[in-house]
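Asks: I am attaching a structure below and will ask some questions about it afterwards.
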Amino acid sequence: MNKEEKYITRHKPKSQKIGNSISFPHLGKVPKGIGARGVGGLSATNLTKRFGNFTAVDRITFEVKQGEIFGFLGANGAGKTTAMRMLCGLLKPTSGEATVAGFDVFKEQEEIKKNIGYMSQKFSLYENMTVRENIEFFGGVYGLKMSEIKPRMDSLLNKLEFTDVRDKLVQSLPLGWKQKLAFSTAIFHEPQIVFLDEPTSGVDPVTRRQFWDLIYDASERGITVFVTTHYMDEAEYCNRISLMVDGRIEALDTPKNLKTEHNANSMNEVFYALARKAKRVE
Ligand SMILES: Nc1ncnc2c1ncn2[C@@H]1O[C@H](COP(=O)(O)OP(=O)(O)OP(=O)(O)O)[C@@H](O)[C@H]1O
Ligand SMILES: [Mg+2]
């Protein structure tokens, strides 16, 4: 066993079973700060986004339960970010229906924004601000008072072992550290749902594993996790996965069922079998 494999064995995410046997011990728990509708999941029916004549997201239909870790897979250009932006209340859909935390994506975008966390694919932290300043800033944006931010920040910095870098500029941190910090700021206000758009892209395998420990922690507290990734080992950590091809959802199930259905040994094989149907070229 090499060093990385040893680390991974030691740091297996704790209480959720991964891959072949899925358990949802925490589903149904009510997270802190539950919104007016009291629904921590989301659902979409025929949700569609067209840019001119081009259909980026094509009638996607699915449901995500509260506390679930839902993997949103697809090749470059499949439509993942576009779908996620609609669900976050950042982009108006062309047609279809969807509710997020019980709020309507057409009419209640502001309510949605208050009940979610979002880690975008491109921007997540201010590089020219310190770790502490970023946490204070995002805590404020999410409506927390300074008296609430301070104790939460101290415990977060301890948990991440970031106490020594609290006054360092974010630009001086390694990418994996930045991404762990960005995730932590996205859930600093304990939202019902967090949307993560390729949060571990370019991060080394050991730090990716630590990142997933943070995801499992959040999920155990009842936070629903909606995550895109191009790493198939991470796909195995999800409770369920949808796979998008050219704007449509081509498959949706647990990793175990998808592998059985496609007679595959790994999610890599499943992905390859489905994604090669794509006609879009990015
Ligand atoms: N504002 C826009 N105007 C026109 N086309 C767009 C716009 N935003 C996205 N698209 C197109 O929609 C398609 C889906 O893009 P999207 O960014 O959602 O894909 P993705 O699955 O997130 O890909 P990646 O894995 O590369 O992040 C692409 O063909 C993209 O060029
Ligand atoms: Mg994207």
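By convention in this document, the chains of the structure tokens carry letters A, B, ... by their order, each chain's residues are numbered from 1, and ligands are numbered from 1 in the order they are shown.
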Within 6 Å of ligand 1, counting only C-alpha atoms and all ligand atoms: which residues, as an MDAnalysis selection string?

Replies: chainID A and resid 51 56 74:82

Asks: Using C-alpha atoms, can you write the selected residues to a file as an mmCIF file, in the first residue's frame?

Replies:
data_model
loop_
_atom_site.group_PDB
_atom_site.id
_atom_site.type_symbol
_atom_site.label_atom_id
_atom_site.label_comp_id
_atom_site.auth_asym_id
_atom_site.auth_seq_id
_atom_site.Cartn_x
_atom_site.Cartn_y
_atom_site.Cartn_z
ATOM 1 C CA PHE A 51 -29.948 30.463 -25.126
ATOM 2 C CA ALA A 56 -28.402 24.092 -22.864
ATOM 3 C CA GLY A 74 -21.728 15.093 -17.213
ATOM 4 C CA ALA A 75 -19.031 15.882 -19.752
ATOM 5 C CA ASN A 76 -17.858 19.457 -20.420
ATOM 6 C CA GLY A 77 -20.733 21.474 -21.824
ATOM 7 C CA ALA A 78 -23.410 18.959 -20.771
ATOM 8 C CA GLY A 79 -25.344 21.727 -18.976
ATOM 9 C CA LYS A 80 -24.457 21.178 -15.296
ATOM 10 C CA THR A 81 -23.523 24.749 -14.388
ATOM 11 C CA THR A 82 -26.503 26.144 -16.282
#

Asks: Using only C-alpha atoms, which residues sit within 10 Å of Arg208 (chain A) once same-chain residues fewer than 4 positions away are excluded, as a ChimeraX atom specification?

Replies: /A:176,179-180,199-204,212-214,231,234

Asks: For C-alpha atoms, I'd like the residues from the last selection saved as an mmCIF file, in the first residue's frame.

Replies:
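File result.cif, as written:
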data_model
loop_
_atom_site.group_PDB
_atom_site.id
_atom_site.type_symbol
_atom_site.label_atom_id
_atom_site.label_comp_id
_atom_site.auth_asym_id
_atom_site.auth_seq_id
_atom_site.Cartn_x
_atom_site.Cartn_y
_atom_site.Cartn_z
ATOM 1 C CA GLY A 176 -6.924 22.532 -1.798
ATOM 2 C CA GLN A 179 -11.401 25.043 -1.752
ATOM 3 C CA LYS A 180 -11.933 23.750 1.798
ATOM 4 C CA PRO A 199 -15.327 22.106 -5.912
ATOM 5 C CA THR A 200 -12.327 19.776 -6.088
ATOM 6 C CA SER A 201 -11.213 20.486 -9.644
ATOM 7 C CA GLY A 202 -7.407 20.433 -9.736
ATOM 8 C CA VAL A 203 -7.088 19.421 -6.070
ATOM 9 C CA ASP A 204 -4.741 16.557 -5.081
ATOM 10 C CA TRP A 212 -15.241 14.900 1.184
ATOM 11 C CA ASP A 213 -14.997 14.480 4.949
ATOM 12 C CA LEU A 214 -16.319 18.053 5.159
ATOM 13 C CA TYR A 231 -13.756 12.609 -10.617
ATOM 14 C CA GLU A 234 -16.027 11.065 -5.918
#

Asks: By how many Å are CA of Val170 (chain A) and CA of Ala186 (chain A) apart?

Replies: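 According to the coordinates, CA of Val170 (chain A) and CA of Ala186 (chain A) are separated by 15.5 Å.
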
Asks: With distances taken over only C-alpha atoms, which residue among A:Leu181, A:Ala101, A:Val270, A:Leu258 lies nearest Lys113 (chain A)?

Replies: A:Ala101

Asks: Using only C-alpha atoms and all ligand atoms, which of the listed residues (A:Glu136, A:Thr228, A:Gln192, A:Glu148) sits closest to ligand 2?

Replies: A:Thr228

Asks: Using only C-alpha atoms, which of the listed residues (A:Thr254, A:Ser242, A:Gln171, A:Ser184) sits closest to Ile60 (chain A)?

Replies: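 Counting only C-alpha atoms, the residue closest to Ile60 (chain A) is A:Ser242.
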
Asks: Give me the residues near His262 (chain A) as a short mmCIF file (atom, residue, chain, number, x, y, z; two decimals) with C-alpha atoms, in the first residue's frame, where near means some atom within 12 Å (using only C-alpha atoms) and where sequence neighbours in that chain fewer than 5 positions away do not count.

Replies:
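For reference, out.cif as written:
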data_model
loop_
_atom_site.label_atom_id
_atom_site.label_comp_id
_atom_site.auth_asym_id
_atom_site.auth_seq_id
_atom_site.Cartn_x
_atom_site.Cartn_y
_atom_site.Cartn_z
CA ALA A 251 -29.28 8.16 -16.13
CA ASP A 253 -29.67 6.14 -9.66
CA PRO A 255 -23.74 4.24 -8.02
CA LYS A 256 -24.37 0.56 -7.27
CA ASN A 257 -27.50 0.33 -9.42
CA MET A 267 -18.39 4.57 -12.37
CA ASN A 268 -15.67 5.39 -14.86
CA GLU A 269 -17.05 2.67 -17.16
CA VAL A 270 -20.63 3.86 -16.62
CA PHE A 271 -19.62 7.43 -17.43
CA TYR A 272 -17.78 6.36 -20.54
CA ALA A 273 -20.69 4.23 -21.78
CA LEU A 274 -23.18 7.07 -21.38
#

Asks: Measuring between only C-alpha atoms and all ligand atoms, which one of A:Phe106, A:Phe138, A:Phe72, A:Phe183 shows the shortest distance to ligand 2?

Replies: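 Once distances to ligand 2 are computed over only C-alpha atoms and all ligand atoms, the minimum belongs to A:Phe72.
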
Asks: Please return as an MDAnalysis selection string: the residues of region 49-279 of chain A that backbone DSSP assigns to strand (DSSP E).

Replies: chainID A and resid 49:51 54:64 69:74 95:100 103:104 116:119 193:197 224:228 240:245 248:253

Asks: Find the residues near region 127-133 of chain A: any atom within 10 Å, counting only C-alpha atoms, skip ones fewer than 4 places away on the same chain, and give them as a compact mmCIF listing (two decimals) with C-alpha atoms, in the first residue's frame.

Replies:
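Result file follows (result_23.txt):
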# COMPACT_ATOMS: atom_id res chain seq x y z
CA PHE A 123 -15.31 32.44 -8.21
CA PHE A 137 -17.39 39.00 4.56
CA PHE A 138 -19.34 35.90 3.55
CA GLY A 139 -20.83 35.54 7.05
CA LYS A 150 -16.71 35.34 15.68
CA MET A 153 -15.06 31.43 12.80
CA ASP A 154 -12.89 30.30 15.73
CA LEU A 157 -10.43 27.69 11.89
CA PHE A 162 -6.23 27.06 9.75
CA THR A 163 -5.58 29.02 12.95
CA VAL A 165 -3.15 31.22 8.48
CA ARG A 166 -6.11 33.30 9.60
CA ASP A 167 -4.31 36.55 8.72
CA LYS A 168 -2.74 35.28 5.49
CA LEU A 169 -4.00 36.42 2.10
CA VAL A 170 -6.09 33.73 0.40
CA GLN A 171 -3.88 33.98 -2.70
CA SER A 172 -0.98 32.57 -0.67
CA LEU A 173 -2.81 29.33 0.20
CA LYS A 178 -8.74 27.51 -0.67
CA LEU A 181 -12.25 27.34 2.98
CA ALA A 182 -14.65 28.20 0.14

Asks: What are the DSSP helix (DSSP H, G or I) residues of region 84-165 of chain A, as a VMD selection string?

Replies: chain A and resid 84 to 87 109 to 115 131 to 141 146 to 160 163 to 165

Asks: If you keep C-alpha atoms, can you produce a file of those selected residues as a PDB file, in the first residue's frame?

Replies:
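See result-v1.pdb below for the written result:
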ATOM      1  CA  MET A  84     -27.243  24.647 -11.106  1.00  0.00           C
ATOM      2  CA  ARG A  85     -27.522  28.388 -11.702  1.00  0.00           C
ATOM      3  CA  MET A  86     -31.248  28.004 -12.365  1.00  0.00           C
ATOM      4  CA  LEU A  87     -31.660  26.017  -9.141  1.00  0.00           C
ATOM      5  CA  GLN A 109     -35.435  33.485  -6.315  1.00  0.00           C
ATOM      6  CA  GLU A 110     -34.589  35.758  -3.365  1.00  0.00           C
ATOM      7  CA  GLU A 111     -35.994  33.231  -0.864  1.00  0.00           C
ATOM      8  CA  ILE A 112     -33.953  30.504  -2.510  1.00  0.00           C
ATOM      9  CA  LYS A 113     -30.756  32.542  -2.181  1.00  0.00           C
ATOM     10  CA  LYS A 114     -31.350  32.924   1.570  1.00  0.00           C
ATOM     11  CA  ASN A 115     -31.749  29.176   2.055  1.00  0.00           C
ATOM     12  CA  VAL A 131      -8.826  34.105   5.485  1.00  0.00           C
ATOM     13  CA  ARG A 132     -10.468  35.966   8.388  1.00  0.00           C
ATOM     14  CA  GLU A 133     -11.716  38.793   6.166  1.00  0.00           C
ATOM     15  CA  ASN A 134     -13.262  36.312   3.718  1.00  0.00           C
ATOM     16  CA  ILE A 135     -15.102  34.480   6.504  1.00  0.00           C
ATOM     17  CA  GLU A 136     -16.344  37.758   7.981  1.00  0.00           C
ATOM     18  CA  PHE A 137     -17.392  39.004   4.563  1.00  0.00           C
ATOM     19  CA  PHE A 138     -19.342  35.895   3.549  1.00  0.00           C
ATOM     20  CA  GLY A 139     -20.831  35.540   7.046  1.00  0.00           C
ATOM     21  CA  GLY A 140     -22.129  39.102   6.632  1.00  0.00           C
ATOM     22  CA  VAL A 141     -23.449  38.464   3.126  1.00  0.00           C
ATOM     23  CA  MET A 146     -20.459  39.818  13.949  1.00  0.00           C
ATOM     24  CA  SER A 147     -21.272  38.320  17.368  1.00  0.00           C
ATOM     25  CA  GLU A 148     -22.383  35.109  15.596  1.00  0.00           C
ATOM     26  CA  ILE A 149     -19.516  35.122  13.114  1.00  0.00           C
ATOM     27  CA  LYS A 150     -16.714  35.340  15.677  1.00  0.00           C
ATOM     28  CA  PRO A 151     -17.322  32.073  17.632  1.00  0.00           C
ATOM     29  CA  ARG A 152     -18.216  30.156  14.474  1.00  0.00           C
ATOM     30  CA  MET A 153     -15.063  31.425  12.800  1.00  0.00           C
ATOM     31  CA  ASP A 154     -12.894  30.302  15.728  1.00  0.00           C
ATOM     32  CA  SER A 155     -14.325  26.805  15.694  1.00  0.00           C
ATOM     33  CA  LEU A 156     -14.093  26.604  11.893  1.00  0.00           C
ATOM     34  CA  LEU A 157     -10.430  27.691  11.889  1.00  0.00           C
ATOM     35  CA  ASN A 158      -9.711  25.057  14.535  1.00  0.00           C
ATOM     36  CA  LYS A 159     -11.537  22.348  12.630  1.00  0.00           C
ATOM     37  CA  LEU A 160      -9.690  23.144   9.401  1.00  0.00           C
ATOM     38  CA  THR A 163      -5.581  29.016  12.951  1.00  0.00           C
ATOM     39  CA  ASP A 164      -2.043  29.885  11.865  1.00  0.00           C
ATOM     40  CA  VAL A 165      -3.146  31.217   8.476  1.00  0.00           C
TER      41      VAL A 165
END

Asks: Quick one: pull the distance between CA of Gly67 (chain A) and CA of Asn239 (chain A), Å, one decimal.

Replies: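 Distance reported for this atom pair: 9.8 Å.
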